[in-house]
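Asks: Below is a structure I'd like to ask you about.
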Amino acid sequence: MEKEKAKKKNKVFATVLVLIITVGAVFGVYKYIHAQHHEETDDAQVEANISPIIPKVSGYVSRVLVNDNQQVKAGDTLVVLDDRDLRLKVLQAEAELENARANVASSGAGYETAQQTALSSSFNTQAAEGNVELARVRLRRAESDFKRFQELAKTNSVTRQQFE
């Protein structure tokens with residue numbers, strides 16, 4: 001009977017052992033499969049390759065043309081920026097260009113006017129110089145007439161009224 005009790009104990013022990021091993025194996029397989037698809041940690045750092053996207057101009061994004069984790073190649077358009085601000089700057093630059101062209105035209109007209117004024121001033125100067133020369137000639141003639149009348153007045157060939 002002792003042998004039967006020992007055999008019975010061995011069967012119960014073997015059954016419990018097989019049951020524990022089976023439960024452990026099922027739990028281990030479950031944890032392994034779960035670990036293949038999920039990341040869990042209490043205190044960890046995730047490492048990844050980060051590729052920053054740096055645009056040449058700043059602006060608001062109007063459309064995104066890629067999805068999460070989508071593979072892209074060099075040259076692919078990733079986002080479309082809102083171009084209203086840039087179009088406004090272009091219009092403003094064109095207006096400034098037209099303003100500068102108008103200023104150049106105005107300066108050209110002012111230059112032409114200044115040239116005409118300078119030419120007119122030159123003619124006026126020549127006329128004034130001519131008037132000065134005419135006044136000198138008249139002065140010499142008046143001096144000459146005065147000397148002649150003075151000589152004639154000495155000889156009483158002219159009246160005092162004519163001399164004065």
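Here, A, B, ... name the chains of the structure tokens in the order displayed, residue numbers run from 1 inside each chain, and ligands are numbered from 1 in the same displayed order.
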Tell me which protein, DNA and RNA residues are within 12 Å of Asp82 (chain A), counting only C-alpha atoms, leaving out same-chain ones fewer than 5 positions away, and put them as a PyMOL selection string.

Replies: chain A and resi 57-64+87-88

Asks: Kindly give the distance, in Å, that separates CA of Gln126 (chain A) and CA of Thr113 (chain A), rounded to a single decimal.

Replies: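 About the pair CA of Gln126 (chain A) and CA of Thr113 (chain A): they are 19.7 Å apart.
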